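Student: Just so it is clear, I am handing over data_7.txt, which has compact mmCIF, C-alpha atoms.
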```txt
# COMPACT_ATOMS: atom_id res chain seq x y z
CA MET A 25 -37.83 12.71 -2.85
CA GLY A 26 -35.09 11.36 -0.58
CA VAL A 27 -32.19 9.51 -2.12
CA SER A 28 -30.39 6.87 -0.05
CA MET A 29 -26.67 7.68 -0.11
CA ALA A 30 -25.46 5.00 2.33
CA ILE A 31 -22.21 3.41 1.24
CA ARG A 32 -22.39 -0.27 1.99
CA LYS A 33 -18.90 -1.37 1.01
CA GLU A 34 -16.75 -2.03 4.06
CA HIS A 35 -13.04 -1.47 4.43
CA PRO A 36 -11.14 -4.76 3.80
CA ALA A 37 -9.57 -4.37 7.23
CA PHE A 38 -12.94 -5.29 8.77
CA ALA A 39 -12.89 -8.63 6.95
CA ARG A 40 -9.29 -9.26 8.07
CA ARG A 41 -10.18 -8.45 11.63
CA TRP A 42 -13.23 -10.72 11.51
CA ARG A 43 -11.09 -13.62 10.26
CA ARG A 44 -8.58 -13.06 13.07
CA ASN A 45 -11.30 -12.90 15.71
CA ALA A 46 -12.86 -16.09 14.31
CA LEU A 47 -9.46 -17.80 14.60
CA VAL A 48 -9.06 -16.69 18.22
CA GLY A 49 -12.57 -17.95 18.92
CA ALA A 50 -11.79 -21.31 17.32
CA ILE A 51 -8.57 -21.62 19.37
CA LEU A 52 -10.46 -20.86 22.58
CA GLY A 53 -13.11 -23.44 21.64
CA MET A 54 -10.42 -26.06 21.02
CA PHE A 55 -8.80 -25.18 24.37
CA VAL A 56 -12.10 -25.80 26.18
CA ALA A 57 -12.50 -29.12 24.33
CA LEU A 58 -8.92 -30.09 25.25
CA VAL A 59 -9.43 -29.34 28.95
CA PHE A 60 -12.63 -31.38 28.86
CA GLY A 61 -10.78 -34.28 27.19
CA ILE A 62 -7.94 -34.14 29.72
CA THR A 63 -10.47 -34.19 32.56
CA ILE A 64 -12.19 -37.27 31.12
CA VAL A 65 -8.85 -39.08 30.68
CA LYS A 66 -7.71 -38.22 34.21
CA LEU A 67 -10.99 -39.28 35.79
CA SER A 68 -11.27 -42.50 33.79
CA SER A 69 -7.71 -43.49 34.73
CA GLY A 70 -8.60 -43.18 38.40
CA HIS A 71 -6.78 -39.97 39.31
CA LEU A 72 -7.74 -38.58 42.68
CA MET A 73 -9.49 -35.27 42.16
CA GLU A 74 -9.82 -34.41 45.83
CA ALA A 75 -7.40 -32.31 47.85
CA PHE A 76 -7.01 -31.05 51.41
CA ASP A 77 -9.65 -28.46 52.28
CA HIS A 78 -9.44 -28.23 56.09
CA ALA A 79 -11.81 -31.14 56.67
CA VAL A 80 -11.12 -34.82 57.28
CA ARG A 81 -11.52 -36.64 53.98
CA PRO A 82 -11.39 -40.43 54.50
CA SER A 83 -10.48 -40.99 50.83
CA LEU A 84 -7.29 -38.96 51.28
CA LEU A 85 -6.04 -40.95 54.29
CA GLU A 86 -3.51 -43.68 53.56
CA SER A 87 -4.75 -47.10 54.58
CA GLU A 88 -2.88 -48.82 57.41
CA GLY A 89 -2.71 -52.08 55.51
CA MET B 24 -14.75 1.60 14.60
CA SER B 25 -15.63 3.58 11.50
CA ASN B 26 -13.91 3.14 8.17
CA ALA B 27 -12.32 6.56 8.62
CA GLU B 28 -10.60 5.39 11.80
CA PHE B 29 -8.60 2.90 9.81
CA ILE B 30 -6.79 5.77 8.16
CA ASP B 31 -3.40 6.60 9.68
CA ARG B 32 -3.42 3.65 12.04
CA GLY B 33 -0.19 2.39 10.52
CA LYS B 34 0.43 -1.21 9.49
CA GLU B 35 -2.05 -3.79 10.64
CA SER B 36 -0.80 -7.19 11.73
CA THR B 37 -1.87 -10.37 10.00
CA ILE B 38 -2.22 -13.86 11.44
CA ARG B 39 1.20 -14.61 9.99
CA ASP B 40 2.74 -11.69 11.94
CA SER B 41 1.14 -12.92 15.15
CA PHE B 42 2.55 -16.38 14.52
CA ALA B 43 6.02 -14.99 13.73
CA LEU B 44 6.04 -13.42 17.21
CA PHE B 45 6.35 -16.92 18.66
CA LYS B 46 9.57 -17.71 16.74
CA PRO B 47 8.11 -20.80 15.02
CA ARG B 48 11.49 -22.23 13.95
CA VAL B 49 12.89 -22.16 17.48
CA MET B 50 9.55 -23.48 18.72
CA SER B 51 9.64 -26.42 16.30
CA LEU B 52 13.05 -27.53 17.60
CA ALA B 53 11.79 -27.31 21.18
CA VAL B 54 8.68 -29.30 20.26
CA PHE B 55 10.68 -32.00 18.48
CA THR B 56 13.24 -32.48 21.29
CA ALA B 57 10.52 -32.38 23.96
CA ALA B 58 8.53 -35.01 22.04
CA ALA B 59 11.69 -37.12 21.72
CA GLY B 60 12.32 -36.85 25.48
CA MET B 61 8.76 -38.01 26.09
CA LEU B 62 8.75 -40.83 23.53
CA VAL B 63 12.02 -42.41 24.73
CA ALA B 64 10.93 -42.36 28.39
CA PRO B 65 10.32 -45.81 29.88
CA THR B 66 6.76 -44.93 30.92
CA GLN B 67 3.76 -44.61 28.66
CA LEU B 68 1.42 -41.64 28.69
CA HIS B 69 -2.15 -41.54 27.47
CA PRO B 70 -1.95 -40.09 23.91
CA LEU B 71 -4.11 -37.08 24.82
CA ILE B 72 -2.00 -36.32 27.91
CA GLY B 73 1.18 -36.66 25.82
CA PHE B 74 -0.20 -34.44 23.04
CA SER B 75 -1.43 -31.83 25.52
CA SER B 76 1.90 -31.77 27.36
CA ILE B 77 3.79 -31.18 24.11
CA LEU B 78 1.26 -28.49 23.16
CA PHE B 79 1.78 -26.63 26.45
CA ILE B 80 5.58 -26.92 26.12
CA ALA B 81 5.19 -25.42 22.62
CA VAL B 82 3.03 -22.61 24.01
CA GLY B 83 5.67 -21.92 26.68
CA ALA B 84 8.42 -21.86 24.04
CA GLY B 85 6.36 -19.52 21.84
CA ALA B 86 5.63 -17.22 24.79
CA SER B 87 9.38 -17.03 25.53
CA GLY B 88 9.95 -16.04 21.91
CA ALA B 89 7.36 -13.24 22.20
CA LEU B 90 8.97 -11.95 25.42
CA ASN B 91 12.41 -12.13 23.77
CA MET B 92 11.11 -10.00 20.86
CA TRP B 93 9.51 -7.57 23.31
CA TRP B 94 12.81 -6.95 25.12
CA ASP B 95 15.08 -7.07 22.06
CA ALA B 96 12.95 -4.81 19.80
CA ASP B 97 15.65 -2.11 19.85
CA ILE B 98 18.49 -4.34 18.67
CA ASP B 99 16.23 -6.30 16.29
CA ALA B 100 15.52 -3.03 14.46
CA LYS B 101 19.25 -2.51 13.87
CA MET B 102 20.00 -5.95 12.45
CA ARG B 103 19.28 -6.89 8.82
CA ARG B 104 18.37 -10.46 9.84
CA THR B 105 15.75 -9.36 12.39
CA ARG B 106 14.46 -5.96 11.28
CA HIS B 107 11.47 -7.55 9.53
CA ARG B 108 10.26 -9.16 12.76
CA PRO B 109 6.72 -8.07 13.79
CA ILE B 110 7.72 -5.49 16.42
CA PRO B 111 10.55 -3.60 14.63
CA SER B 112 8.50 -3.58 11.41
CA GLY B 113 5.67 -1.87 13.30
CA LYS B 114 3.08 -4.60 12.79
CA ILE B 115 2.71 -5.57 16.46
CA ASP B 116 2.99 -3.26 19.48
CA ARG B 117 5.69 -4.01 22.05
CA GLU B 118 3.12 -3.86 24.87
CA ASP B 119 0.91 -6.40 23.08
CA ALA B 120 3.88 -8.77 22.75
CA LEU B 121 4.57 -8.39 26.49
CA THR B 122 0.94 -9.07 27.40
CA VAL B 123 0.66 -12.11 25.15
CA GLY B 124 4.04 -13.46 26.32
CA VAL B 125 3.27 -13.16 30.05
CA LEU B 126 -0.27 -14.50 29.66
CA LEU B 127 0.72 -17.52 27.58
CA SER B 128 3.71 -18.30 29.83
CA GLY B 129 1.39 -18.49 32.82
CA ILE B 130 -1.19 -20.59 30.97
CA ALA B 131 1.48 -22.98 29.64
CA VAL B 132 3.06 -23.59 33.08
CA ILE B 133 -0.24 -24.02 34.93
CA MET B 134 -1.72 -26.28 32.26
CA LEU B 135 1.42 -28.44 32.04
CA GLY B 136 1.32 -28.82 35.83
CA LEU B 137 -2.32 -29.91 35.73
CA THR B 138 -1.91 -32.13 32.67
CA ALA B 139 1.43 -33.81 33.40
CA ASN B 140 3.04 -33.10 36.77
CA ILE B 141 4.63 -30.43 38.95
CA VAL B 142 8.24 -31.35 37.99
CA ALA B 143 7.58 -30.77 34.28
CA ALA B 144 5.76 -27.51 35.05
CA ALA B 145 8.61 -26.30 37.29
CA LEU B 146 11.16 -27.10 34.56
CA LEU B 147 9.07 -25.20 31.99
CA ALA B 148 8.80 -22.19 34.31
CA LEU B 149 12.57 -22.35 34.90
CA THR B 150 13.21 -22.51 31.13
CA ILE B 151 11.03 -19.47 30.43
CA LEU B 152 12.63 -17.44 33.25
CA TYR B 153 16.13 -18.56 32.25
CA TYR B 154 15.61 -17.60 28.59
CA VAL B 155 13.75 -14.34 29.12
CA VAL B 156 15.30 -12.92 32.28
CA PHE B 157 18.77 -14.48 32.50
CA TYR B 158 19.66 -14.78 28.80
CA THR B 159 17.64 -12.07 27.00
CA MET B 160 17.68 -9.32 29.63
CA TYR B 161 21.10 -9.97 31.18
CA LEU B 162 23.59 -12.24 29.41
CA LYS B 163 22.98 -11.38 25.77
CA ARG B 164 24.23 -7.80 26.03
CA LEU B 165 26.86 -8.54 28.67
CA THR B 166 29.25 -11.32 27.65
CA PRO B 167 30.54 -13.07 24.50
CA HIS B 168 29.73 -16.33 26.27
CA ASN B 169 26.01 -15.41 26.15
CA ILE B 170 25.21 -18.28 23.79
CA VAL B 171 27.10 -20.86 25.85
CA ILE B 172 25.33 -20.08 29.13
CA GLY B 173 22.03 -19.04 27.54
CA GLY B 174 22.04 -22.19 25.42
CA ALA B 175 20.84 -24.08 28.47
CA ALA B 176 17.37 -22.64 27.85
CA GLY B 177 17.18 -24.45 24.53
CA ALA B 178 18.49 -27.63 26.12
CA PHE B 179 15.67 -27.98 28.65
CA PRO B 180 12.81 -29.19 26.36
CA PRO B 181 13.83 -32.90 26.23
CA MET B 182 14.18 -32.80 30.04
CA ILE B 183 10.67 -31.34 30.28
CA GLY B 184 9.29 -34.02 27.93
CA TRP B 185 11.03 -36.72 29.97
CA ALA B 186 9.76 -35.23 33.24
CA ALA B 187 6.20 -35.05 31.85
CA ALA B 188 6.35 -38.81 31.23
CA THR B 189 8.34 -39.97 34.27
CA GLY B 190 7.83 -37.22 36.84
CA GLY B 191 11.57 -36.91 37.48
CA ILE B 192 15.09 -36.05 36.33
CA THR B 193 17.55 -38.86 35.58
CA SER B 194 20.99 -39.36 34.00
CA GLU B 195 19.30 -39.98 30.62
CA SER B 196 17.47 -36.65 30.64
CA ILE B 197 20.62 -34.85 31.82
CA LEU B 198 22.57 -36.40 28.90
CA MET B 199 19.93 -35.18 26.41
CA PHE B 200 20.25 -31.73 28.02
CA LEU B 201 24.05 -31.82 27.68
CA VAL B 202 23.91 -32.79 24.00
CA ILE B 203 21.86 -29.69 23.12
CA PHE B 204 23.86 -27.53 25.54
CA LEU B 205 27.17 -28.41 23.82
CA TRP B 206 25.62 -28.35 20.34
CA THR B 207 24.31 -24.78 20.67
CA PRO B 208 27.64 -22.83 20.54
CA PRO B 209 28.94 -24.39 17.29
CA HIS B 210 25.46 -24.12 15.76
CA PHE B 211 24.90 -20.50 16.69
CA TRP B 212 28.45 -19.23 16.20
CA SER B 213 28.51 -20.59 12.65
CA LEU B 214 25.50 -18.32 12.02
CA ALA B 215 27.19 -15.45 13.88
CA LEU B 216 30.21 -15.74 11.55
CA PHE B 217 28.16 -14.84 8.51
CA VAL B 218 25.94 -12.22 10.19
CA SER B 219 28.74 -10.75 12.31
CA ASP B 220 28.26 -7.25 10.88
CA ASP B 221 24.67 -7.29 12.16
CA TYR B 222 25.72 -7.97 15.76
CA SER B 223 28.45 -5.37 15.54
CA LYS B 224 25.92 -2.77 14.36
CA ALA B 225 23.53 -3.65 17.19
CA GLY B 226 26.29 -3.59 19.81
CA VAL B 227 25.70 -7.17 20.93
CA PRO B 228 28.97 -8.65 22.26
CA MET B 229 28.69 -11.85 20.26
CA MET B 230 31.87 -13.96 20.25
CA THR B 231 32.55 -12.92 16.62
CA VAL B 232 32.41 -9.24 17.63
CA ALA B 233 34.08 -9.34 21.05
CA LYS B 234 36.86 -11.88 20.39
CA GLY B 235 36.96 -11.92 16.61
CA PRO B 236 36.28 -14.60 14.00
CA ARG B 237 39.55 -16.52 14.55
CA ALA B 238 38.79 -17.14 18.25
CA THR B 239 35.18 -18.00 17.35
CA ARG B 240 36.31 -20.61 14.81
CA ARG B 241 38.60 -22.23 17.42
CA GLN B 242 35.75 -22.32 19.94
CA ILE B 243 33.40 -23.89 17.37
CA PHE B 244 35.81 -26.80 16.99
CA ALA B 245 36.39 -27.07 20.76
CA TYR B 246 32.66 -27.39 21.50
CA ALA B 247 32.16 -29.79 18.58
CA ALA B 248 34.92 -31.99 20.06
CA LEU B 249 33.28 -31.83 23.51
CA LEU B 250 29.96 -32.87 22.00
CA VAL B 251 31.37 -36.15 20.62
CA PRO B 252 31.83 -38.08 23.91
CA VAL B 253 28.49 -36.84 25.28
CA SER B 254 26.47 -37.94 22.26
CA ALA B 255 28.40 -41.23 22.25
CA ALA B 256 27.54 -41.69 25.95
CA LEU B 257 23.89 -41.23 25.03
CA ALA B 258 24.15 -44.38 22.86
CA PHE B 259 25.19 -46.37 25.94
CA SER B 260 22.62 -44.93 28.33
CA GLY B 261 19.29 -46.45 29.29
CA ILE B 262 17.67 -44.88 26.22
CA GLY B 263 20.47 -45.65 23.74
CA GLY B 264 20.88 -48.59 21.40
CA PRO B 265 22.33 -49.68 18.06
CA VAL B 266 20.45 -47.04 16.04
CA THR B 267 21.74 -44.18 18.20
CA PHE B 268 25.22 -45.72 18.23
CA VAL B 269 25.52 -45.95 14.42
CA LEU B 270 24.02 -42.49 13.94
CA ALA B 271 26.30 -40.99 16.62
CA ILE B 272 29.40 -42.35 14.84
CA VAL B 273 28.36 -41.09 11.39
CA LEU B 274 26.99 -37.74 12.58
CA ASN B 275 29.91 -36.97 14.91
CA ALA B 276 32.48 -37.77 12.20
CA GLU B 277 30.72 -35.41 9.79
CA PHE B 278 30.15 -32.74 12.47
CA LEU B 279 33.84 -32.77 13.48
CA ARG B 280 35.01 -32.73 9.86
CA MET B 281 32.88 -29.70 9.07
CA ALA B 282 33.78 -27.93 12.33
CA SER B 283 37.45 -28.49 11.53
CA ARG B 284 36.96 -27.00 8.06
CA VAL B 285 35.25 -23.92 9.52
CA ALA B 286 37.98 -23.63 12.19
CA HIS B 287 40.83 -23.65 9.68
CA ARG B 288 39.39 -21.19 7.16
CA SER B 289 40.69 -17.67 6.85
CA GLU B 290 38.34 -14.69 6.83
CA ALA B 291 39.45 -13.84 3.30
CA ASP B 292 38.53 -17.33 2.04
CA SER B 293 35.16 -17.18 3.79
CA ARG B 294 34.30 -13.76 2.39
CA ARG B 295 35.36 -14.87 -1.09
CA ASP B 296 32.73 -17.64 -1.23
CA ARG B 297 30.26 -15.71 0.98
CA PHE B 298 30.72 -18.05 3.98
CA ALA B 299 29.65 -21.15 2.07
CA ALA B 300 31.26 -23.60 4.54
CA GLU B 301 29.86 -21.74 7.56
CA ARG B 302 26.36 -21.68 6.09
CA LYS B 303 26.58 -25.37 5.25
CA PHE B 304 27.76 -26.18 8.80
CA PHE B 305 24.89 -24.16 10.27
CA PHE B 306 22.24 -26.11 8.33
CA ARG B 307 23.99 -29.46 8.81
CA SER B 308 24.09 -28.85 12.57
CA ILE B 309 20.26 -28.69 12.57
CA ALA B 310 20.19 -32.03 10.74
CA TYR B 311 22.70 -33.41 13.30
CA LEU B 312 20.39 -32.75 16.23
CA PHE B 313 17.29 -33.90 14.38
CA LEU B 314 18.89 -37.21 13.33
CA LEU B 315 20.52 -37.93 16.70
CA PHE B 316 17.20 -37.55 18.53
CA SER B 317 15.48 -39.55 15.76
CA GLY B 318 18.01 -42.30 16.54
CA LEU B 319 16.86 -42.30 20.18
CA ILE B 320 13.25 -42.59 19.04
CA GLY B 321 14.32 -45.43 16.70
CA ASP B 322 15.90 -47.31 19.61
CA ALA B 323 12.79 -46.75 21.72
CA ALA B 324 10.71 -48.23 18.88
CA LEU B 325 13.15 -51.15 18.60
CA ARG B 326 12.96 -51.78 22.36
CA TRP B 327 9.16 -51.63 22.21
CA SER B 328 8.98 -54.04 19.24
CA LEU B 329 11.21 -56.52 21.10
CA GLY B 330 9.10 -56.26 24.23
CA GLY B 331 11.92 -54.53 26.13
CA ALA B 332 14.39 -57.39 25.53
CA LEU B 333 17.03 -55.38 23.64
CA ALA B 334 20.52 -56.75 24.49
CA TRP B 335 22.62 -53.58 24.54
CA PRO B 336 25.36 -52.52 26.98
CA GLN B 337 24.32 -49.78 29.37
CA TRP B 338 27.28 -47.91 30.87
CA VAL B 339 25.72 -44.58 31.80
```
Give the structure from the file, written as C-alpha cells.

Tutor:
Amino acid sequence: MGVSMAIRKEHPAFARRWRRNALVGAILGMFVALVFGITIVKLSSGHLMEAFDHAVRPSLLESEG
Amino acid sequence: MSNAEFIDRGKESTIRDSFALFKPRVMSLAVFTAAAGMLVAPTQLHPLIGFSSILFIAVGAGASGALNMWWDADIDAKMRRTRHRPIPSGKIDREDALTVGVLLSGIAVIMLGLTANIVAAALLALTILYYVVFYTMYLKRLTPHNIVIGGAAGAFPPMIGWAAATGGITSESILMFLVIFLWTPPHFWSLALFVSDDYSKAGVPMMTVAKGPRATRRQIFAYAALLVPVSAALAFSGIGGPVTFVLAIVLNAEFLRMASRVAHRSEADSRRDRFAAERKFFFRSIAYLFLLFSGLIGDAALRWSLGGALAWPQWV
C-alpha cells in the first residue's frame, strides 16, 4: 500500500515573496489608474492631444484672427 | 524555485529594505520643498496634476538615492552610519539598485514632462544627473567643498515644483533654491562633525577630514550668516509676506545663535558632551527649513483668503 509522503509546508520565504509581488502588482495597478486619471483631467480641461505627424492638421494651425 | 534553493542564497530583502534604497528621509525633504514651491506659485493646478507631479518628483528623488547607494556601496560599507544600508548589508544587489535607479529616473522624468511640462521635467533630469554623476561620482571623493557644490541638487526641488505649476523659472524660485543651497553646508557639516571618524575611515575628503574641525566650524557660521539675507529677501519677494517675515526673523536669530555656539566650541568640549550642541544644531536646522517653507505656504494661504489683496512690500 502506497503512503503519501509529500510535504506540504512551504518555506516562509515563498510567503514573503508573494507579498512583495502583490505589492508590486498593486503599485503597477495604481500607476495605470493614475495615468488614466491624468488623461481624463487633461482632456476635460481642453488640452490639445494632437501633434505634428507630417500631415496638415487644421486644428494645429494658428488662426489668423 | 524549490525550497532547497532557498538555502545558501544569503539574506533576502524585505519591503522595508527596498524602501530604504530610496533614502526616504532625503526624499521627504525633497517632496516637502517641491510641494511648497508648487503651492506658493501664483497659478493653480488641478489637484490630480499637482499630486502626480509631486509623486513623480518623489520617484525621481528616490531613484537618485538608489543610484547614489549603487555607486557609494564601497564607502557605505566602511562607515558605521551607513553600513546597515541595503547594499552593504547584502540585502539588495548593487546591479538591482542600478537597474531600479535608472528605470525609475527615466519614468519619473518622462511622466513629469507629460503630466506637468517640459521645463519641470528638464529640471528633474538635471537634478538627477547633477546628484548622481556630478556629486556622487565626481565631487564627493574629490574636494572638501563637495557638499557646497553638490548641495545644489537638494536645492532644485522647490524650483521643480514651481516650474510644474508655472512652466518657468523666476526670481522667486531662484530665491527658494538659494535658501536650500546656503542651508545645506551648515546642516551637513554639523553632522560631519560628529561622524567625522566615519568619513576619515572611508577616505571621503569631507571638510572635517580635509581641513579639520576648526575650519569646518568657521565655515558653518559663515554659511549661516550668508543664509540670513537670502531668507529675509524671500519674505519681500512675490511669494513672501508677514508670516514668512516673522518666521525668518525668529528662525534666523536662533540659527545664527546656534551656529555661533558650534563655531566657538573646542573639540575637547564637544567630545566631552558627545557633540551635544552639534547634534542639536543638526536637528534644529531641519526644523529651520521646514518652518521657513511652511511660512511661505502660510503667506500663500493668507493671500488666497484675502483674494490676492495682501498689502505687503515686494522688493525682490

Student: Would you pick out the contacts of Trp327 in chain B at 12 Å or less, using all atoms listed in the file, so that residues sharing its chain but fewer than 4 positions from it are not included, and give the list as a VMD selection string?

Tutor: chain B and resid 62 to 67 262 320 to 323 331 to 333

Student: Skipping near chain neighbours, those fewer than 3 positions away, what residues fall within 8 Å of range 280-286 of chain B using all atoms listed in the file, listed as an MDAnalysis selection string?

Tutor: chainID B and resid 209 237 240:241 243:244 247 276:277 300:301 304

Student: When you look at range 61-68 of chain A with a cut-off of 10 Å (counting only C-alpha atoms), what residues show up, excluding the ones that are within fewer than 6 positions of it in the same chain? I need them as a PyMOL selection string.

Tutor: (chain A and resi 55) or (chain B and resi 69-72+75+137-138)

Student: To one decimal place, how far is CA of Ala271 in chain B from CA of Phe259 in chain B in Å?

Tutor: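 According to the coordinates, CA of Ala271 in chain B and CA of Phe259 in chain B are separated by 10.8 Å.
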
Student: Rounded to one decimal in Å, what is the spacing between CA of Val123 in chain B and CA of Pro111 in chain B?

Tutor: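 CA of Pro111 in chain B lies 16.8 Å from CA of Val123 in chain B.
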
Student: Mind dumping a table of every chain A residue within 12 Å of chain B, with the nearest atom pair and its distance in Å to one decimal, using all atoms listed in the file, sorted by chain and rising number, as a Markdown table?

Tutor:
```
| residue | atom | partner | partner_atom | distance |
| --- | --- | --- | --- | --- |
| A:Ile31 | CA | B:Asn26 | CA | 10.8 |
| A:Arg32 | CA | B:Asn26 | CA | 11.0 |
| A:Lys33 | CA | B:Asn26 | CA | 9.8 |
| A:Glu34 | CA | B:Asn26 | CA | 7.2 |
| A:His35 | CA | B:Asn26 | CA | 6.0 |
| A:Pro36 | CA | B:Asn26 | CA | 9.4 |
| A:Ala37 | CA | B:Phe29 | CA | 7.8 |
| A:Phe38 | CA | B:Asn26 | CA | 8.5 |
| A:Ala39 | CA | B:Thr37 | CA | 11.6 |
| A:Arg40 | CA | B:Thr37 | CA | 7.7 |
| A:Arg41 | CA | B:Thr37 | CA | 8.7 |
| A:Trp42 | CA | B:Ile38 | CA | 11.4 |
| A:Arg43 | CA | B:Ile38 | CA | 9.0 |
| A:Arg44 | CA | B:Ile38 | CA | 6.6 |
| A:Asn45 | CA | B:Ile38 | CA | 10.1 |
| A:Ala46 | CA | B:Ile38 | CA | 11.2 |
| A:Leu47 | CA | B:Ile38 | CA | 8.8 |
| A:Val48 | CA | B:Ile38 | CA | 10.0 |
| A:Met54 | CA | B:Ser75 | CA | 11.6 |
| A:Phe55 | CA | B:Ser75 | CA | 10.0 |
| A:Ala57 | CA | B:Ser75 | CA | 11.5 |
| A:Leu58 | CA | B:Ser75 | CA | 7.7 |
| A:Val59 | CA | B:Thr138 | CA | 8.8 |
| A:Phe60 | CA | B:Leu71 | CA | 11.0 |
| A:Gly61 | CA | B:Leu71 | CA | 7.6 |
| A:Ile62 | CA | B:Ile72 | CA | 6.6 |
| A:Thr63 | CA | B:Thr138 | CA | 8.8 |
| A:Ile64 | CA | B:Leu71 | CA | 10.2 |
| A:Val65 | CA | B:Leu71 | CA | 7.8 |
| A:Lys66 | CA | B:Thr138 | CA | 8.5 |
| A:Leu67 | CA | B:Thr138 | CA | 12.0 |
| A:Ser68 | CA | B:His69 | CA | 11.1 |
| A:Ser69 | CA | B:His69 | CA | 9.4 |
| A:His71 | CA | B:Thr138 | CA | 11.4 |
| A:Met73 | CA | B:Leu137 | CA | 11.0 |
```
